[in-house]
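First comes the structure, then the notes that go with it.
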Amino acid sequence: MPPTLASLVHHSALKLTVRAGEDRLDVPVRWAHVSELADPVPYMEGGELLLITALKLDAEDPEAMGRYVRRLSKAGVVGLGFAVGVNYDEIPQALVDAAEEENLPLLEVPRRTPFLAISKAVSAAIAADQYRAVTAGFAAQRELTKQALTGGAEGLLRALAAQVDGWAALYDASGAVVAAAPEWAARRAARLTAEVERLRERPTPASAVVGGGGGPVRAASEDRHDDRVELHSLGTGRRPRAALAVGTAAAPGTAERYAVHSAIALLTLTTERSRSLYAAQQRIGAAVLRMLLAGEPDHARAVAGHLYGDLLDVPFRVIVADSVPAPVTRTHPEGQGPLAARSPAPSDTAGDPFGGLVEALESAAARAGEAVLVVPEGERLVALVTDGGAAVSACARYATALEASRADGGGGAEADPGDELVVGLSAPAGPIAAAAAYKQSEQALSVARRRGRVFVEHERLAAGSVLPLLADDAVKAFADSLLRALHEHDATGRGDLVASLRAWLSRHGQWDAAAADLGVHRHTLRYRMRRVEEILGRSLDDPDVRMELWLALKTTSAD
């Protein structure tokens with residue numbers, strides 16, 4: 001603890017006597033300052049014990065002393081030391097009364113106690129306090145390091161909460177609470193998600209202070225939030241990979257500050273993978289993926305080892321993501337022609353269209369304790385995720401937020417509307433069927449691109465209609481070309497061949513039923529169908545011809 005007026009009063013060598021403000025002696029003293037100025041306030045910072053002899057003061061004037069003491073109190077001076085036996089044999093009553101009025105501690109300094117002795121005592125106490133703080137800080141650092149090595153992030157948070165006599169919580173890159181200590185702090189930490197999101201938008205390192213009330217932090221009720229919370233971003237990239245929250249009853253002291261900074265450094269090392277390690281993991285992931293696609297699941301398992309947990313032993317899904325160039329173009333840096341410009345994504349690298357998706361997948365998988373394999377593949381991203389797991393749900397949520405953001409012009413919170421992503425998701429598969437699952441993802445991706453969608457799941461394709469798949473310019477051009485002669489014939493008013501063909505095909509070639517639908521005689525319908533064959537030069541007995549004509553009619557009618 002820093003020195004206080006009480007510790008100075010109890011200092012046996014100083015022989016100080018309290019003359020006013022007895023109930024405020026527990027105030028910390030930042031420094032002892034000597035000044036005989038009538039107004040020393042411009043030279044004060046607050047927290048000082050001011051030592052005077054009243055050389056230039058009219059210490060017996062009540063009004064003058066009232067103004068003097070009020071200025072000192074307003075400036076944050078914590079106490080006034082008056083040396084007797086120099087200019088005054090005793091402290092003038094006017095000064096005592098003014099100090100009592102403002103409740104400013106007034107200490108009588110005997111003639112035999114020089115001001116220098118008081119200054120030395122304050123300085124020594126401050127130095128001793130700083131030494132204790134540094135020593136305690138190093139001890140805290142050793143304990144936090146030990147807990148980080150043996151208990152991981154959870155153990156480190158428990159040790160940090162004990163060091164600061166409060167609570168601590170760790171957030172992942174998405175702003176979700178990963179761990180908290182004590183357990184009741186998880187709910188308190190969850191209420192700070194919005195503040196963590198705002199902190200993540202700032203370049204690292206960043207910090208913020210929330211609250212600062214006066215109630216005890218370790219309250220019995222976990223719903224208390226009158227504490228002071230410090231938020232610190234973790235990571236070395238453009239965007240933080242995690243965040244730390246530390247809740248205390250008041251601003252941390254020097255020792256507690258050492259502990260917090262040590263925790264930040266250790267958690268940064270824990271959450272921030274080095275570039276070389278991450279690159280090596282990606283190379284292993286790419287090799288595992290190639291082996292799976294080549295039909296070598298046993299080799300893939302041998303190479304993966306424990307790196308991807310049991311991902312290859314349970315049904316998984318394949319995600320293939322591609323980027324659609326934004327409409328704005330720029331010149332290629334190597335002069336190789338125009339290169340599509342992409343808007344920054346929520347990731348560590350500006351311009352990475354997959355950063356937000358990767359962040360969502362990895363964060364969700366980490367919270368659920370799942371393994372996820374993410375491999376950049378040229379201009380694509382391929383990921384293997386556990387079927388029915390958190391990463392699959394996170395992918396769907398991210399795509400939904402991205403579509404909503406694009407629809408409202410960029411108002412979505414979870415995804416950047418500039419990320420022109422298309423994502424395809426396969427059906428559940430095992431290692432033996434990885435190649436088929438990859439092809440399913442590509443098919444779903446192609447459908448997503450064709451439909452202007454962000455996300456398409458392969459399993460849902462069969463549940464819908466095939467007609468939306470025909471919404472392609474080439475298909476429409478084929479349909480228009482195939483039926484043009486019939487439309488031109490009908491335009492002359494010599495019959496209704498297109499409607500007759502549609503009715504006949506819809507009735508599977510049943511003459512009576514089709515003629516009834518049209519309200520004509522079946523002989524009339526037979527004549528029209530012969531004219532269709534003559535004009536098109538194709539036989540309606542050919543099932544392929546009937547199929548092409550039916551799809552052409554459905555395609556043109558969809559317009």
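Chain lettering (A, B, ...) mirrors the order of the structure tokens, residue numbering begins at 1 for each chain separately, and ligand numbering begins at 1 in order of display.
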
Who sits within 12 Å of segment 40-44 of chain A, only C-alpha atoms, same chain under 3 positions skipped, as a list in words: Arg30, Trp31, Ala32, His33, Val34, Ser35, Glu36, Leu37, Gly47, Glu48, Leu49, Leu50, Leu51, Ile52, Lys56, Leu57, Arg67, Tyr68, Val69, Arg70, Arg71, Leu72, Ser73, Lys74, Ala75, Gly76, Val77 and Val78 of chain A

Can I get the selected residues back with C-alpha atoms, as a PDB file, in the first residue's frame?
```pdb
ATOM      1  CA  ARG A  30       1.442  10.784  -3.609  1.00  0.00           C
ATOM      2  CA  TRP A  31       4.167  13.219  -2.596  1.00  0.00           C
ATOM      3  CA  ALA A  32       5.270  15.709   0.058  1.00  0.00           C
ATOM      4  CA  HIS A  33       5.700  19.243  -1.281  1.00  0.00           C
ATOM      5  CA  VAL A  34       7.036  22.399   0.393  1.00  0.00           C
ATOM      6  CA  SER A  35       5.629  25.750  -0.731  1.00  0.00           C
ATOM      7  CA  GLU A  36       5.311  29.125   0.969  1.00  0.00           C
ATOM      8  CA  LEU A  37       3.336  30.657  -1.891  1.00  0.00           C
ATOM      9  CA  GLY A  47      -2.578  13.862  -3.694  1.00  0.00           C
ATOM     10  CA  GLU A  48       0.169  15.944  -2.096  1.00  0.00           C
ATOM     11  CA  LEU A  49       0.893  16.611   1.563  1.00  0.00           C
ATOM     12  CA  LEU A  50       1.668  20.354   1.543  1.00  0.00           C
ATOM     13  CA  LEU A  51       4.278  21.506   4.082  1.00  0.00           C
ATOM     14  CA  ILE A  52       4.301  25.193   5.142  1.00  0.00           C
ATOM     15  CA  LYS A  56       3.860  34.615   3.431  1.00  0.00           C
ATOM     16  CA  LEU A  57       0.411  33.888   4.821  1.00  0.00           C
ATOM     17  CA  ARG A  67      -9.999  30.921   1.067  1.00  0.00           C
ATOM     18  CA  TYR A  68      -6.562  29.301   1.279  1.00  0.00           C
ATOM     19  CA  VAL A  69      -7.786  25.970   2.636  1.00  0.00           C
ATOM     20  CA  ARG A  70     -10.696  25.826   0.199  1.00  0.00           C
ATOM     21  CA  ARG A  71      -8.308  26.273  -2.736  1.00  0.00           C
ATOM     22  CA  LEU A  72      -6.072  23.498  -1.438  1.00  0.00           C
ATOM     23  CA  SER A  73      -8.970  21.128  -0.876  1.00  0.00           C
ATOM     24  CA  LYS A  74     -10.388  21.818  -4.341  1.00  0.00           C
ATOM     25  CA  ALA A  75      -6.958  21.159  -5.903  1.00  0.00           C
ATOM     26  CA  GLY A  76      -6.827  17.687  -4.334  1.00  0.00           C
ATOM     27  CA  VAL A  77      -4.268  18.379  -1.620  1.00  0.00           C
ATOM     28  CA  VAL A  78      -4.748  15.529   0.875  1.00  0.00           C
TER      29      VAL A  78
END
```

Find the residues around Gln130 of chain A up to 10 Å (only C-alpha atoms counted), leave out those fewer than 6 positions away in its own chain, and share them as a PDB file with all heavy atoms, in the first residue's frame.
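Listed below is the output, out_35.pdb:
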```pdb
ATOM      1  N   MET A   1       0.833  -1.189   0.000  1.00  0.00           N
ATOM      2  CA  MET A   1       0.000   0.000   0.000  1.00  0.00           C
ATOM      3  C   MET A   1       0.873   1.247   0.000  1.00  0.00           C
ATOM      4  O   MET A   1       1.919   1.281   0.636  1.00  0.00           O
ATOM      5  CB  MET A   1      -0.914   0.011   1.226  1.00  0.00           C
ATOM      6  CG  MET A   1      -2.023  -1.027   1.198  1.00  0.00           C
ATOM      7  SD  MET A   1      -3.240  -0.641  -0.067  1.00  0.00           S
ATOM      8  CE  MET A   1      -3.968   0.845   0.625  1.00  0.00           C
ATOM      9  N   PRO A   2       0.474   2.311  -0.704  1.00  0.00           N
ATOM     10  CA  PRO A   2       1.241   3.559  -0.686  1.00  0.00           C
ATOM     11  C   PRO A   2       1.132   4.204   0.692  1.00  0.00           C
ATOM     12  O   PRO A   2       0.261   3.864   1.496  1.00  0.00           O
ATOM     13  CB  PRO A   2       0.545   4.400  -1.756  1.00  0.00           C
ATOM     14  CG  PRO A   2      -0.844   3.864  -1.847  1.00  0.00           C
ATOM     15  CD  PRO A   2      -0.714   2.401  -1.566  1.00  0.00           C
ATOM     16  N   ALA A 124      10.571   7.168   0.726  1.00  0.00           N
ATOM     17  CA  ALA A 124      10.953   5.792   1.059  1.00  0.00           C
ATOM     18  C   ALA A 124       9.745   4.869   1.060  1.00  0.00           C
ATOM     19  O   ALA A 124       9.812   3.716   0.602  1.00  0.00           O
ATOM     20  CB  ALA A 124      11.645   5.771   2.431  1.00  0.00           C
ATOM     21  N   ALA A 136       5.558  -8.402  -6.291  1.00  0.00           N
ATOM     22  CA  ALA A 136       4.292  -9.123  -6.410  1.00  0.00           C
ATOM     23  C   ALA A 136       3.929  -9.343  -7.874  1.00  0.00           C
ATOM     24  O   ALA A 136       3.363 -10.385  -8.236  1.00  0.00           O
ATOM     25  CB  ALA A 136       3.179  -8.340  -5.706  1.00  0.00           C
ATOM     26  N   THR A 254      -0.564  -1.167  -8.849  1.00  0.00           N
ATOM     27  CA  THR A 254       0.617  -1.512  -9.640  1.00  0.00           C
ATOM     28  C   THR A 254       0.797  -3.009  -9.780  1.00  0.00           C
ATOM     29  O   THR A 254       1.043  -3.533 -10.871  1.00  0.00           O
ATOM     30  CB  THR A 254       1.876  -0.892  -9.004  1.00  0.00           C
ATOM     31  OG1 THR A 254       1.690   0.521  -8.861  1.00  0.00           O
ATOM     32  CG2 THR A 254       3.100  -1.147  -9.865  1.00  0.00           C
ATOM     33  N   ALA A 255       0.670  -3.750  -8.694  1.00  0.00           N
ATOM     34  CA  ALA A 255       0.837  -5.206  -8.746  1.00  0.00           C
ATOM     35  C   ALA A 255      -0.238  -5.844  -9.618  1.00  0.00           C
ATOM     36  O   ALA A 255       0.046  -6.735 -10.434  1.00  0.00           O
ATOM     37  CB  ALA A 255       0.793  -5.787  -7.329  1.00  0.00           C
TER      38      ALA A 255
END
```

May I ask which of the residues A:Ala180, A:Val246, A:Ala371, A:Ala121 is the closest one to Val164 of chain A, counting only C-alpha atoms? A:Val246

Residue set, segment 108-216 of chain A restricted to strand (DSSP E), as a count of residues only: 17

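Distances to Glu359 of chain A were evaluated for A:Ser446, A:Ser207, A:Ser174, A:Ser426 using only C-alpha atoms, and the minimum falls at A:Ser174.
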
Have a look at A:Asp172, A:Glu256, A:Asp165, A:Glu90 and name the one nearest to Phe138 of chain A; count only C-alpha atoms.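 Looking only at the distances to Phe138 of chain A, the closest residue turns out to be A:Glu256.
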
I'd like the contact shell of Val9 of chain A - 12 Å cut-off, only C-alpha atoms, skipping same-chain residues fewer than 3 positions apart - returned as a VMD selection string. chain A and resid 3 to 6 12 to 19 22 25 to 26 79 81 105 to 109 118 121 to 122

Take the residues from that selection and write them out as a CSV table (one decimal), in the first residue's frame, keeping C-alpha atoms.
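Okay, this is what ended up in result_25.csv:
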```
chain,number,residue,atom,x,y,z
A,3,PRO,CA,2.0,5.8,2.3
A,4,THR,CA,-1.0,7.5,4.0
A,5,LEU,CA,-1.3,10.4,6.4
A,6,ALA,CA,-2.0,7.8,9.1
A,12,SER,CA,7.9,7.3,15.4
A,13,ALA,CA,10.7,9.6,14.1
A,14,LEU,CA,8.4,12.3,12.7
A,15,LYS,CA,6.4,13.1,15.9
A,16,LEU,CA,3.5,14.6,13.9
A,17,THR,CA,0.3,15.7,15.7
A,18,VAL,CA,-3.2,15.7,14.1
A,19,ARG,CA,-5.0,19.0,14.7
A,22,GLU,CA,-8.8,13.0,12.0
A,25,LEU,CA,-6.0,10.1,7.6
A,26,ASP,CA,-6.3,6.9,5.5
A,79,GLY,CA,-3.2,17.2,3.9
A,81,GLY,CA,1.7,20.1,7.5
A,105,PRO,CA,-6.2,16.9,7.6
A,106,LEU,CA,-3.9,19.4,9.4
A,107,LEU,CA,-0.7,18.0,10.9
A,108,GLU,CA,1.5,19.9,13.4
A,109,VAL,CA,5.2,19.5,12.6
A,118,ILE,CA,9.0,14.1,6.0
A,121,ALA,CA,9.8,9.2,4.7
A,122,VAL,CA,7.2,9.7,2.0
```

Would you mind listing what lies within 12 Å of Leu501 of chain A as number ranges by chain, with only C-alpha atoms counted and same-chain residues fewer than 5 positions away left out? A: 483, 486-487, 490, 495-496, 506-511, 514-515, 517-518, 525-533, 536, 540, 546, 549-550, 552-554

Write out, as a tab-separated table, each residue of segment 345-397 of chain A that has an atom at most 8 Å from segment 276-285 of chain A, together with the closest pair of atoms and their distance in Å to one decimal, counting only C-alpha atoms, rows going by chain and rising number.
```
residue	atom	partner	partner_atom	distance
A:Leu373	CA	A:Gly285	CA	6.3
A:Val374	CA	A:Gly285	CA	7.0
A:Val375	CA	A:Gln282	CA	6.1
A:Pro376	CA	A:Gln282	CA	8.0
```

Secondary structure check, alpha helix (DSSP H) residues of segment 110-335 of chain A, as a PyMOL selection string: chain A and resi 115-164+185-190+193-200+254-271+275-293+297-304
